[in-house]
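One structure is given here, and the rest of the page talks about it.
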Amino acid sequence: MRICYIGDADNIHMRKWVIWFAKKGHDVHLITDRPAEITGVKIYAIGNKKRNSFFNFIKKILQTRKLVKKIEPDVLHAHYAFGYGTFGAFANYHPFVLSPWGSDILIEPEKSKMVKFLVKFALKKADLITCDGDNTVEKMIRFGTDPKKIHRIYHGVDPEQFSPTKRDKKLKERLGVSDSPLIISTRNLDLIYGVETLIKSVPLVLKKIPNAKFIVAGKLVYDKTVEKDYLKKLAKSLGVINSIRFVGSIPHDELPYYLASSDAYVSTSLSDGGIALSTLEAMACEVAPVVTDVANNRKWIKDGENGFVIPLKDPKALAEKIIYLIENEEIRKNFGKNSRKIVEEEQNYDKEMAKAERLCMDLIKQ
């Protein structure tokens, strides 16, 4: 099958899709305005450095249309409804698959009437839609999308890559946290992920567990209005900067070692579509999760059984759950084991991609 994707080549969600299909022997092409080398995938760069200009947007539409006509794929598949999904919709090529990620349906359309129009246009043009979140499905249906077109494909995690066996004592030594309980957040630093709630919880945790250490990974990606070092400045103002390791964006192949070496995982996000991939990766590594009550988190994390679900923007509640997990090792480990079992049985990367492959093959036959 020749499949042409349209998406962010530098994003792990997009990379996971194209890498799987390329390894299965499909002829994989990727049109992107964020080019990055991917083994076995033909990359086509569109647009220019003036990323947010109207003329650049139109240029990307025209370049995408021309490239799709040249490639002549069996399936055209765009990831993210606004932007890449719009480019795919204007290519006027079928069969056309669209995969919203969450914010492109839940948040972006509320910013302007034009964005909402373009998202609805992409949804209408799609012959098949894949997504992983109940909230995303509900919003698409409110936009007038035919429910019969929507299919669930979960992010999925490779349980061999993300495993508790990746626990790394040397990594903890390098980070200077060898003898400390370790709490990790791997969400990006944009406001939508609410990482400041974690920073504000740190002083409360340290009152009970003075030697606790925190890893804050990720980077600012979309929220250009946020000052780059605002979280570090917040940590300094609270007097907890020495207890936090700001490690930036962790390469995906190194991430399992960071997660498996931690004792608790935190996601303070204010919005998600389905459940965050980063949360599933932590669960696969048997790290007990503490997450905010958004999207489908309660579907995958049963409060008090394999983790905790807390209110949004509540540092006190977060600190209480972190302290409880650190002080109750047996419960913490049971939460981790229960979480990994869920990932193995219901969020297996290979099985989810195989489902997507079957959907594409059926679409071609139709």
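Each chain in the structure tokens gets a letter, A, B and so on, in the order shown; residues start at 1 in every chain, and ligands are counted from 1 in the order they appear.
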
Exercise for review: as JSON, numbers by chain, list the residues of region 129-264 of chain A assigned to strand (DSSP E or B) by DSSP on the backbone atoms of this structure.
Suggested key: {"A": [129, 130, 131, 150, 151, 152, 157, 182, 183, 184, 185, 213, 214, 215, 216, 217, 244, 245, 246, 247, 248, 264]}

inquiry  = Which residues are near Tyr84 (chain A)? Cut-off 6 Å, only C-alpha atoms, ignore same chain within fewer than 5 positions. Put them as a PyMOL selection string.
reply    = chain A and resi 6-7+78

Compile a residue-level contact table for region 319-354 of chain A against region 289-303 of chain A at a cut-off of 10 Å, reporting for every qualifying residue the shortest atom pair and its distance in Å to one decimal, with only C-alpha atoms counted, rows ordered by chain and ascending number, as a Markdown table.
| residue | atom | partner | partner_atom | distance |
| --- | --- | --- | --- | --- |
| A:Ala319 | CA | A:Val290 | CA | 9.9 |
| A:Lys321 | CA | A:Val290 | CA | 7.2 |
| A:Ile322 | CA | A:Val290 | CA | 7.5 |
| A:Leu325 | CA | A:Val290 | CA | 9.4 |
| A:Arg332 | CA | A:Pro289 | CA | 9.2 |
| A:Phe335 | CA | A:Pro289 | CA | 8.0 |
| A:Gly336 | CA | A:Pro289 | CA | 7.8 |
| A:Asn338 | CA | A:Ile301 | CA | 9.5 |
| A:Ser339 | CA | A:Ile301 | CA | 7.6 |
| A:Ile342 | CA | A:Trp300 | CA | 7.6 |
| A:Val343 | CA | A:Trp300 | CA | 8.9 |
| A:Glu346 | CA | A:Trp300 | CA | 9.4 |
| A:Gln347 | CA | A:Trp300 | CA | 9.8 |

Next, write the just-selected residues to a file, as an mmCIF file, in the first residue's frame, keeping N, CA and C atoms as the atom set.
data_model
loop_
_atom_site.group_PDB
_atom_site.id
_atom_site.type_symbol
_atom_site.label_atom_id
_atom_site.label_comp_id
_atom_site.auth_asym_id
_atom_site.auth_seq_id
_atom_site.Cartn_x
_atom_site.Cartn_y
_atom_site.Cartn_z
ATOM 1 N N ALA A 319 0.072 17.239 45.986
ATOM 2 C CA ALA A 319 1.102 16.958 46.993
ATOM 3 C C ALA A 319 0.675 15.815 47.905
ATOM 4 N N LYS A 321 -1.256 13.252 47.260
ATOM 5 C CA LYS A 321 -1.167 11.963 46.567
ATOM 6 C C LYS A 321 0.292 11.541 46.359
ATOM 7 N N ILE A 322 1.154 12.502 46.038
ATOM 8 C CA ILE A 322 2.574 12.175 45.881
ATOM 9 C C ILE A 322 3.145 11.667 47.193
ATOM 10 N N LEU A 325 1.967 8.106 47.953
ATOM 11 C CA LEU A 325 2.651 7.088 47.152
ATOM 12 C C LEU A 325 4.071 6.837 47.632
ATOM 13 N N ARG A 332 2.205 1.677 46.099
ATOM 14 C CA ARG A 332 2.774 2.320 44.912
ATOM 15 C C ARG A 332 3.161 1.286 43.861
ATOM 16 N N PHE A 335 0.061 -0.284 42.260
ATOM 17 C CA PHE A 335 -0.507 0.644 41.273
ATOM 18 C C PHE A 335 0.255 0.508 39.944
ATOM 19 N N GLY A 336 1.576 0.449 40.038
ATOM 20 C CA GLY A 336 2.404 0.343 38.845
ATOM 21 C C GLY A 336 2.140 -0.941 38.073
ATOM 22 N N ASN A 338 -0.578 -2.821 38.171
ATOM 23 C CA ASN A 338 -1.930 -2.779 37.614
ATOM 24 C C ASN A 338 -1.977 -1.899 36.361
ATOM 25 N N SER A 339 -1.225 -0.800 36.387
ATOM 26 C CA SER A 339 -1.198 0.105 35.236
ATOM 27 C C SER A 339 -0.555 -0.564 34.034
ATOM 28 N N ILE A 342 -2.886 -2.938 32.221
ATOM 29 C CA ILE A 342 -3.865 -2.260 31.382
ATOM 30 C C ILE A 342 -3.258 -1.911 30.023
ATOM 31 N N VAL A 343 -2.039 -1.404 30.044
ATOM 32 C CA VAL A 343 -1.368 -1.044 28.787
ATOM 33 C C VAL A 343 -1.133 -2.279 27.930
ATOM 34 N N GLU A 346 -4.758 -3.448 26.641
ATOM 35 C CA GLU A 346 -5.689 -2.576 25.931
ATOM 36 C C GLU A 346 -5.047 -1.398 25.194
ATOM 37 N N GLN A 347 -3.746 -1.190 25.374
ATOM 38 C CA GLN A 347 -3.085 -0.044 24.727
ATOM 39 C C GLN A 347 -1.774 -0.484 24.078
#

**Q.** helix (DSSP H, G or I) per DSSP on the backbone: members of region 5-211 of chain A, as a ChimeraX atom specification
**A.** /A:12-23,54-71,84-90,103-106,108-110,113-125,134-142,147-149,164-166,169-175,191-193,195-208

Please produce a file of the residues just selected, as a short mmCIF file (atom, residue, chain, number, x, y, z; two decimals), in the first residue's frame, where the atoms kept are C-alpha atoms.
data_model
loop_
_atom_site.label_atom_id
_atom_site.label_comp_id
_atom_site.auth_asym_id
_atom_site.auth_seq_id
_atom_site.Cartn_x
_atom_site.Cartn_y
_atom_site.Cartn_z
CA ILE A 12 6.50 11.38 18.24
CA HIS A 13 2.80 10.72 17.52
CA MET A 14 3.35 11.16 13.79
CA ARG A 15 6.66 9.30 13.82
CA LYS A 16 5.11 6.26 15.50
CA TRP A 17 2.55 5.92 12.70
CA VAL A 18 4.92 6.28 9.75
CA ILE A 19 7.65 4.11 11.29
CA TRP A 20 5.24 1.22 11.92
CA PHE A 21 3.83 1.28 8.38
CA ALA A 22 7.30 1.62 6.84
CA LYS A 23 8.56 -1.39 8.83
CA PHE A 54 -1.55 33.79 5.61
CA PHE A 55 0.44 33.54 2.37
CA ASN A 56 2.53 30.72 3.82
CA PHE A 57 -0.67 28.89 4.76
CA ILE A 58 -1.95 29.17 1.19
CA LYS A 59 1.45 28.10 -0.14
CA LYS A 60 1.30 24.92 1.98
CA ILE A 61 -2.15 24.10 0.62
CA LEU A 62 -0.98 24.47 -2.98
CA GLN A 63 2.28 22.54 -2.39
CA THR A 64 0.40 19.72 -0.66
CA ARG A 65 -2.11 19.46 -3.48
CA LYS A 66 0.69 19.28 -6.06
CA LEU A 67 2.67 16.67 -4.09
CA VAL A 68 -0.35 14.43 -3.49
CA LYS A 69 -1.16 14.50 -7.20
CA LYS A 70 2.44 13.49 -7.94
CA ILE A 71 2.63 10.71 -5.31
CA TYR A 84 -2.30 19.49 8.20
CA GLY A 85 -5.91 18.31 8.07
CA THR A 86 -6.85 21.45 6.17
CA PHE A 87 -4.03 20.87 3.66
CA GLY A 88 -5.27 17.33 3.13
CA ALA A 89 -8.88 18.40 2.73
CA PHE A 90 -8.00 21.00 0.07
CA SER A 103 -6.68 20.18 21.01
CA ASP A 104 -7.35 20.60 17.30
CA ILE A 105 -10.99 19.66 18.00
CA LEU A 106 -11.45 20.68 21.63
CA GLU A 108 -8.41 25.40 18.44
CA PRO A 109 -11.92 25.82 16.90
CA GLU A 110 -12.99 28.01 19.82
CA LYS A 113 -14.70 31.28 13.39
CA MET A 114 -12.23 30.68 10.57
CA VAL A 115 -10.43 27.89 12.43
CA LYS A 116 -13.78 26.27 13.27
CA PHE A 117 -14.84 26.48 9.61
CA LEU A 118 -11.59 24.87 8.40
CA VAL A 119 -11.76 22.09 11.01
CA LYS A 120 -15.36 21.31 10.05
CA PHE A 121 -14.34 21.36 6.39
CA ALA A 122 -11.57 18.81 7.03
CA LEU A 123 -13.92 16.58 9.02
CA LYS A 124 -16.52 16.68 6.24
CA LYS A 125 -13.97 15.84 3.54
CA ASP A 134 -14.54 10.22 24.02
CA ASN A 135 -14.47 14.00 24.37
CA THR A 136 -13.01 14.35 20.86
CA VAL A 137 -15.68 12.07 19.38
CA GLU A 138 -18.48 13.98 21.12
CA LYS A 139 -17.20 17.34 19.85
CA MET A 140 -16.84 16.06 16.27
CA ILE A 141 -20.41 14.78 16.31
CA ARG A 142 -21.57 18.21 17.56
CA PRO A 147 -20.44 8.90 13.71
CA LYS A 148 -20.10 5.99 11.28
CA LYS A 149 -16.90 7.54 9.91
CA PRO A 164 10.23 -1.49 34.45
CA THR A 165 13.37 -3.38 33.43
CA LYS A 166 14.76 -0.05 32.15
CA LYS A 169 20.84 3.53 38.78
CA LYS A 170 23.57 5.28 36.79
CA LEU A 171 21.01 7.72 35.37
CA LYS A 172 19.92 8.63 38.90
CA GLU A 173 23.56 9.12 39.85
CA ARG A 174 24.10 11.48 36.90
CA LEU A 175 21.04 13.47 37.92
CA LEU A 191 0.21 26.54 29.81
CA ILE A 192 -2.33 23.93 28.65
CA TYR A 193 -0.31 21.23 30.46
CA VAL A 195 3.03 22.15 34.95
CA GLU A 196 3.02 25.13 37.33
CA THR A 197 0.60 23.10 39.50
CA LEU A 198 3.38 20.56 39.98
CA ILE A 199 5.93 23.27 40.81
CA LYS A 200 3.55 24.76 43.40
CA SER A 201 3.09 21.31 44.99
CA VAL A 202 6.83 20.81 45.53
CA PRO A 203 7.15 22.89 48.75
CA LEU A 204 4.23 20.94 50.24
CA VAL A 205 5.85 17.62 49.39
CA LEU A 206 9.22 18.67 50.76
CA LYS A 207 7.69 19.47 54.16
CA LYS A 208 6.96 15.75 54.59
#

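If you measure from each of A:Leu220, A:Ile184, A:Leu189, A:Ile31 to Asp263 (chain A) using only C-alpha atoms, the closest one turns out to be A:Ile184.
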
Separating CA of Glu352 (chain A) from CA of Gly156 (chain A), to the nearest tenth of an Å, is a gap of 6.3 Å

Taken to one decimal, the CA of Pro251 (chain A)-CA of Arg2 (chain A) distance is 29.0 Å

Distance query Val97 (chain A) at most 8 Å, only C-alpha atoms, self and fewer than 5 positions along chain excluded, as an NGL selection string: :A and (75-78 or 126-130)

Export, as a short mmCIF file (atom, residue, chain, number, x, y, z; two decimals), in the first residue's frame, the selected residues with C-alpha atoms.
data_model
loop_
_atom_site.label_atom_id
_atom_site.label_comp_id
_atom_site.auth_asym_id
_atom_site.auth_seq_id
_atom_site.Cartn_x
_atom_site.Cartn_y
_atom_site.Cartn_z
CA VAL A 75 -4.57 6.47 0.97
CA LEU A 76 -4.03 10.09 2.01
CA HIS A 77 -3.84 10.42 5.80
CA ALA A 78 -3.56 13.75 7.66
CA ALA A 126 -12.60 12.82 5.42
CA ASP A 127 -13.80 9.38 4.37
CA LEU A 128 -12.61 7.90 7.66
CA ILE A 129 -11.60 9.45 11.00
CA THR A 130 -9.48 7.89 13.74
#

> Lys333 (chain A): which residues within 8 Å, counting only C-alpha atoms, same-chain residues fewer than 5 positions away excluded, as a list of chain:residue names?
Replying inline: A:Glu286, A:Val287, A:Ala288
